[in-house]
Amino acid sequence: MNKYTVMATGFVLSLGLVAGCGSSEGDDSTTAKPKDGRSAAPAQDRATPKGPTYSGPAIPGLAAKPAWSLGPSGAIDLGDTFLFVKDAQGAYALGRGWEGEPIDGSVGTLHSADDPEPATLEFRDVKTGEVRKTLKVTTDRVAATTWHDGVRAVAVFAGATTESDGLSAEKSTTTVTVYGSDGAELGKATAEGDTFHVNEGHIIEQDGEESLKLTPIDGGAAHKVTCTGQLAACGFDPRNKEIDGGQAHAPLITGTYAFHVENASTYETDPEQLVMTDLATGKKAWSTADVTPPAGVELDEDGKRTSGALRVLDVRDGRVLTAWGAGALSPDTWVTATYDIASGKQIGGSSTYSYEDEPADTINTEGSSVFTPDRTLAAARTKRGTAVWQPADGKEVWVQKDDEKKRKPLRFSPTGVLYGTTDADGTGGNVYLAVDGRTKKVLAKSLPEENIPLFTQPSGYGYISTEKGFFVFPTQS
């Protein structure tokens, strides 16, 4: 079984089965039982860990000293807890270098093995590092995923093979068990083979060239998402959790909705359209075909877009944030605008940028931006460098000048620090730096790559994983 073909998106977790059937989630025999009935960690493990001292550079957006640390290790961000994995010898998994990792830089696969093996899962409090719960499992893969409504979760995979009896073919299956941030089981399901993904509480499988099959892990009927058009083709990319059809891209599942693509074919003359439907009923809730493209999008004499390039960036609070290809002769130029789902009307203005093309990229990010956690700011990589704009009204905050080194934005801190890279002079490498997201003031001009933090919500704490340890910091303005 190819362990690299099973992925839980956004975050993919695989936990194992016991004796080839079912996942093992037995708690430590020494685990205390709190009054609420949940299992907790042994008392000696519940204290704030005494990890290594941080000796690296000051990181803008973070406090000078970490709240806590562990030795070298990787972790899956579950919101209010971090998940760590220990092997049978007690060594922490590092979670680095696995295929198909999330585009946001977070850990996707934390632990992987050729065959199911014993492991211990530690759920540690984000702010204190105290162990809230441990689970002993047998697993060949542990990875990050999401449950319904985007809730962060961990998926536990375990494969099993039924040998041929001489007549029937050998059969392989994979059982996935999903756990929440408190270690409670959210759901379990078994699928044939291992070429599927896990996202938003569903097993996602390709079903022909034009369709994706979505099976709820917690039970219920499977749903099919089908793209339309002559010889239509749609797929799912677990690195950004999007459905890809022709030149159109959108989150496959967002809340109670799913997207599919109309005219998802090079044989169609009409441009691609993105359609959002109710996941349970299949009823259309919103479509780009029913709204007026923003100003700056070129239309032909029949009123149709000359470019089929289209993207949904975000869906929240009854609004859809979109990016539209500006025109057939402007393949790198995109116009971003927000629409009200109920009325179909555009809200606020729009922003237009020519985005830097990266032919070497294996993932389509054209027209995309990175956002602050509260969605008040966005940063795009344009041909002039970084441009910061406001999603609410499309207004530009700042854009790099022609005589500045072009900068690629990576991510924002909750307090608005923008981390990114510039090209190193004459070396072909990257220089990592931090600037104020609203003023462009440089806060740090040369940071080690491993010291560019990720952030967990809702606490806003930042964390880094280096060769010296895993460090968690409070945020700082």
# chains A, B, ... in the order shown; residues from 1 in each chain; ligands from 1
$ select_by_dssp --residues "stretch 29-129 of chain A" --states "strand (DSSP E)" --output "count of residues only"
29
$ residues_around --residues "A:Thr215" --least-positions-apart "4" --cutoff "6 Å" --atoms "only C-alpha atoms" --output "list in words"
His202, Ile203 and Ala222 of chain A
$ write_last_selection --atoms "all heavy atoms" --output "PDB file, in the first residue's frame"
ATOM      1  N   HIS A 202     -15.180  14.261   5.680  1.00  0.00           N
ATOM      2  CA  HIS A 202     -15.569  13.396   4.572  1.00  0.00           C
ATOM      3  C   HIS A 202     -14.366  12.654   3.998  1.00  0.00           C
ATOM      4  O   HIS A 202     -13.244  13.180   3.984  1.00  0.00           O
ATOM      5  CB  HIS A 202     -16.200  14.213   3.440  1.00  0.00           C
ATOM      6  CG  HIS A 202     -17.533  14.785   3.760  1.00  0.00           C
ATOM      7  ND1 HIS A 202     -17.684  15.911   4.544  1.00  0.00           N
ATOM      8  CD2 HIS A 202     -18.790  14.395   3.408  1.00  0.00           C
ATOM      9  CE1 HIS A 202     -18.984  16.196   4.656  1.00  0.00           C
ATOM     10  NE2 HIS A 202     -19.664  15.294   3.977  1.00  0.00           N
ATOM     11  N   ILE A 203     -14.612  11.444   3.531  1.00  0.00           N
ATOM     12  CA  ILE A 203     -13.662  10.755   2.680  1.00  0.00           C
ATOM     13  C   ILE A 203     -13.936  11.216   1.253  1.00  0.00           C
ATOM     14  O   ILE A 203     -15.076  11.175   0.788  1.00  0.00           O
ATOM     15  CB  ILE A 203     -13.810   9.228   2.787  1.00  0.00           C
ATOM     16  CG1 ILE A 203     -13.291   8.751   4.151  1.00  0.00           C
ATOM     17  CG2 ILE A 203     -13.062   8.511   1.669  1.00  0.00           C
ATOM     18  CD1 ILE A 203     -13.483   7.271   4.398  1.00  0.00           C
ATOM     19  N   ALA A 222     -23.544   9.172   0.998  1.00  0.00           N
ATOM     20  CA  ALA A 222     -22.475   9.823   0.254  1.00  0.00           C
ATOM     21  C   ALA A 222     -23.068  10.844  -0.717  1.00  0.00           C
ATOM     22  O   ALA A 222     -24.200  10.705  -1.181  1.00  0.00           O
ATOM     23  CB  ALA A 222     -21.655   8.792  -0.501  1.00  0.00           C
TER      24      ALA A 222
END
$ residues_around --residues "stretch 248-253 of chain A" --least-positions-apart "5" --cutoff "6 Å" --atoms "only C-alpha atoms" --output "list of chain:residue names"
A:Lys241, A:Glu242, A:Ile243, A:Ala258, A:Phe259, A:Ala309, A:Leu310, A:Arg311, A:Val312
$ closest_residue --among "A:Asp436, A:Asp237, A:Asp393, A:Asp314" --to "A:Asn364" --atoms "only C-alpha atoms"
A:Asp237
$ closest_residue --among "A:Leu121, A:Ile464, A:Leu274, A:Leu321" --to "A:Glu450" --atoms "only C-alpha atoms"
A:Ile464
$ atom_distance --atom1 "atom CA of A:Ala444" --atom2 "atom CA of A:Tyr463"
17.2 Å
$ atom_distance --atom1 "atom CA of A:Thr228" --atom2 "atom CA of A:Thr269"
12.9 Å
$ residues_around --residues "A:Thr372" --least-positions-apart "6" --cutoff "7 Å" --atoms "only C-alpha atoms" --output "PyMOL selection string"
chain A and resi 378+412-414+416
$ write_last_selection --atoms "C-alpha atoms" --output "mmCIF file, in the first residue's frame"
data_model
loop_
_atom_site.group_PDB
_atom_site.id
_atom_site.type_symbol
_atom_site.label_atom_id
_atom_site.label_comp_id
_atom_site.auth_asym_id
_atom_site.auth_seq_id
_atom_site.Cartn_x
_atom_site.Cartn_y
_atom_site.Cartn_z
ATOM 1 C CA ALA A 378 -4.654 40.625 2.560
ATOM 2 C CA PHE A 412 0.410 37.416 8.747
ATOM 3 C CA SER A 413 0.539 37.338 12.538
ATOM 4 C CA PRO A 414 -2.704 38.105 14.419
ATOM 5 C CA GLY A 416 -0.570 42.363 11.545
#
$ closest_residue --among "A:Lys445, A:Arg319, A:Lys304, A:Lys408" --to "A:Arg384" --atoms "only C-alpha atoms"
A:Lys408
$ residues_around --residues "A:His223" --least-positions-apart "2" --cutoff "10 Å" --atoms "only C-alpha atoms" --output "ChimeraX atom specification"
/A:202,204,212-216,220-221,225-226,258,279-282
$ residues_around --residues "A:Tyr54" --least-positions-apart "4" --cutoff "9 Å" --atoms "only C-alpha atoms" --output "list in words"
Lys65, Pro66, Ser69, Lys468, Gly469 and Phe471 of chain A
$ write_last_selection --atoms "N, CA, C and O atoms" --output "mmCIF file, in the first residue's frame"
data_model
loop_
_atom_site.group_PDB
_atom_site.id
_atom_site.type_symbol
_atom_site.label_atom_id
_atom_site.label_comp_id
_atom_site.auth_asym_id
_atom_site.auth_seq_id
_atom_site.Cartn_x
_atom_site.Cartn_y
_atom_site.Cartn_z
ATOM 1 N N LYS A 65 10.242 35.837 25.148
ATOM 2 C CA LYS A 65 10.486 34.494 25.664
ATOM 3 C C LYS A 65 9.289 33.598 25.386
ATOM 4 O O LYS A 65 8.144 34.042 25.453
ATOM 5 N N PRO A 66 9.540 32.319 25.097
ATOM 6 C CA PRO A 66 8.422 31.403 24.874
ATOM 7 C C PRO A 66 7.664 31.106 26.148
ATOM 8 O O PRO A 66 8.209 31.188 27.252
ATOM 9 N N SER A 69 8.299 25.085 25.944
ATOM 10 C CA SER A 69 9.028 24.462 24.845
ATOM 11 C C SER A 69 9.182 22.970 25.103
ATOM 12 O O SER A 69 9.031 22.486 26.224
ATOM 13 N N LYS A 468 16.643 22.811 17.457
ATOM 14 C CA LYS A 468 16.886 22.828 18.900
ATOM 15 C C LYS A 468 15.642 22.518 19.726
ATOM 16 O O LYS A 468 15.751 22.194 20.905
ATOM 17 N N GLY A 469 14.455 22.684 19.124
ATOM 18 C CA GLY A 469 13.255 22.402 19.909
ATOM 19 C C GLY A 469 11.997 22.984 19.290
ATOM 20 O O GLY A 469 12.030 23.655 18.244
ATOM 21 N N PHE A 471 9.030 25.595 20.131
ATOM 22 C CA PHE A 471 8.859 26.749 21.008
ATOM 23 C C PHE A 471 7.513 27.421 20.733
ATOM 24 O O PHE A 471 7.170 27.667 19.568
#
$ residues_around --residues "A:Asn240" --least-positions-apart "3" --cutoff "12 Å" --atoms "only C-alpha atoms" --output "PyMOL selection string"
chain A and resi 7-12+100-106+108+145+199+236-237+243-244+249-253+313-314+362-365+368
$ write_last_selection --atoms "N, CA and C atoms" --output "mmCIF file, in the first residue's frame"
data_model
loop_
_atom_site.group_PDB
_atom_site.id
_atom_site.type_symbol
_atom_site.label_atom_id
_atom_site.label_comp_id
_atom_site.auth_asym_id
_atom_site.auth_seq_id
_atom_site.Cartn_x
_atom_site.Cartn_y
_atom_site.Cartn_z
ATOM 1 N N MET A 7 -4.253 11.068 2.073
ATOM 2 C CA MET A 7 -3.980 12.379 2.637
ATOM 3 C C MET A 7 -5.223 12.960 3.252
ATOM 4 N N ALA A 8 -5.067 13.548 4.444
ATOM 5 C CA ALA A 8 -6.177 14.252 5.049
ATOM 6 C C ALA A 8 -5.882 15.704 4.894
ATOM 7 N N THR A 9 -6.733 16.465 4.146
ATOM 8 C CA THR A 9 -6.348 17.770 3.728
ATOM 9 C C THR A 9 -6.404 18.796 4.804
ATOM 10 N N GLY A 10 -5.692 19.842 4.286
ATOM 11 C CA GLY A 10 -5.487 20.930 5.159
ATOM 12 C C GLY A 10 -4.657 20.425 6.193
ATOM 13 N N PHE A 11 -5.043 19.229 6.492
ATOM 14 C CA PHE A 11 -4.224 18.535 7.424
ATOM 15 C C PHE A 11 -4.630 17.097 7.330
ATOM 16 N N VAL A 12 -3.665 16.208 7.318
ATOM 17 C CA VAL A 12 -3.994 14.835 7.086
ATOM 18 C C VAL A 12 -3.433 14.012 8.195
ATOM 19 N N GLY A 100 3.186 16.312 -0.394
ATOM 20 C CA GLY A 100 1.842 16.879 -0.393
ATOM 21 C C GLY A 100 1.475 17.659 0.848
ATOM 22 N N GLU A 101 2.419 18.395 1.424
ATOM 23 C CA GLU A 101 2.138 19.153 2.637
ATOM 24 C C GLU A 101 1.266 20.378 2.343
ATOM 25 N N PRO A 102 0.517 20.871 3.353
ATOM 26 C CA PRO A 102 -0.363 22.029 3.138
ATOM 27 C C PRO A 102 0.410 23.240 2.644
ATOM 28 N N ILE A 103 -0.241 24.026 1.806
ATOM 29 C CA ILE A 103 0.401 25.184 1.203
ATOM 30 C C ILE A 103 0.690 26.272 2.232
ATOM 31 N N ASP A 104 -0.011 26.273 3.371
ATOM 32 C CA ASP A 104 0.188 27.328 4.365
ATOM 33 C C ASP A 104 1.423 27.115 5.228
ATOM 34 N N GLY A 105 2.171 26.033 5.005
ATOM 35 C CA GLY A 105 3.392 25.804 5.764
ATOM 36 C C GLY A 105 3.212 25.006 7.035
ATOM 37 N N SER A 106 1.990 24.665 7.384
ATOM 38 C CA SER A 106 1.743 23.890 8.598
ATOM 39 C C SER A 106 2.043 22.414 8.367
ATOM 40 N N GLY A 108 1.253 18.680 7.772
ATOM 41 C CA GLY A 108 0.186 17.827 7.274
ATOM 42 C C GLY A 108 0.344 16.447 7.871
ATOM 43 N N THR A 145 -6.199 17.090 9.678
ATOM 44 C CA THR A 145 -7.377 17.163 8.834
ATOM 45 C C THR A 145 -8.323 18.200 9.406
ATOM 46 N N ASN A 199 -11.168 15.334 4.358
ATOM 47 C CA ASN A 199 -11.315 16.778 4.540
ATOM 48 C C ASN A 199 -12.734 17.084 4.983
ATOM 49 N N PHE A 236 -9.347 17.145 -6.930
ATOM 50 C CA PHE A 236 -9.227 17.756 -5.604
ATOM 51 C C PHE A 236 -7.762 17.832 -5.242
ATOM 52 N N ASP A 237 -7.315 19.017 -4.810
ATOM 53 C CA ASP A 237 -5.929 19.207 -4.378
ATOM 54 C C ASP A 237 -5.900 19.336 -2.863
ATOM 55 N N ILE A 243 -11.252 22.331 -5.152
ATOM 56 C CA ILE A 243 -11.646 21.622 -6.354
ATOM 57 C C ILE A 243 -11.082 22.390 -7.542
ATOM 58 N N ASP A 244 -10.485 21.658 -8.479
ATOM 59 C CA ASP A 244 -9.889 22.266 -9.662
ATOM 60 C C ASP A 244 -10.630 21.760 -10.886
ATOM 61 N N HIS A 249 -11.204 27.443 -9.630
ATOM 62 C CA HIS A 249 -10.756 26.830 -8.381
ATOM 63 C C HIS A 249 -11.583 27.401 -7.234
ATOM 64 N N ALA A 250 -11.920 26.525 -6.266
ATOM 65 C CA ALA A 250 -12.701 26.962 -5.103
ATOM 66 C C ALA A 250 -12.548 25.927 -4.007
ATOM 67 N N PRO A 251 -12.837 26.285 -2.745
ATOM 68 C CA PRO A 251 -12.861 25.271 -1.697
ATOM 69 C C PRO A 251 -13.880 24.191 -2.061
ATOM 70 N N LEU A 252 -13.479 22.921 -1.991
ATOM 71 C CA LEU A 252 -14.435 21.860 -2.319
ATOM 72 C C LEU A 252 -15.605 21.877 -1.346
ATOM 73 N N ILE A 253 -15.293 21.941 -0.054
ATOM 74 C CA ILE A 253 -16.320 22.002 0.988
ATOM 75 C C ILE A 253 -16.044 23.215 1.856
ATOM 76 N N LEU A 313 -11.958 32.651 -3.090
ATOM 77 C CA LEU A 313 -10.908 32.709 -2.079
ATOM 78 C C LEU A 313 -11.414 32.391 -0.684
ATOM 79 N N ASP A 314 -12.675 32.754 -0.402
ATOM 80 C CA ASP A 314 -13.170 32.593 0.963
ATOM 81 C C ASP A 314 -14.684 32.697 0.970
ATOM 82 N N THR A 362 3.902 23.608 -8.419
ATOM 83 C CA THR A 362 3.061 22.460 -8.756
ATOM 84 C C THR A 362 1.636 22.641 -8.269
ATOM 85 N N ILE A 363 1.356 23.759 -7.638
ATOM 86 C CA ILE A 363 0.015 24.030 -7.131
ATOM 87 C C ILE A 363 -0.452 25.368 -7.686
ATOM 88 N N ASN A 364 -1.714 25.415 -8.101
ATOM 89 C CA ASN A 364 -2.247 26.632 -8.702
ATOM 90 C C ASN A 364 -2.677 27.604 -7.614
ATOM 91 N N THR A 365 -2.004 28.748 -7.542
ATOM 92 C CA THR A 365 -2.357 29.780 -6.567
ATOM 93 C C THR A 365 -2.660 31.109 -7.243
ATOM 94 N N SER A 368 -4.494 34.368 -5.820
ATOM 95 C CA SER A 368 -4.663 34.169 -4.370
ATOM 96 C C SER A 368 -3.891 35.206 -3.572
#
$ closest_residue --among "A:Ser465, A:Gln89, A:Asn451, A:Gln206" --to "A:Gly61" --atoms "only C-alpha atoms"
A:Asn451
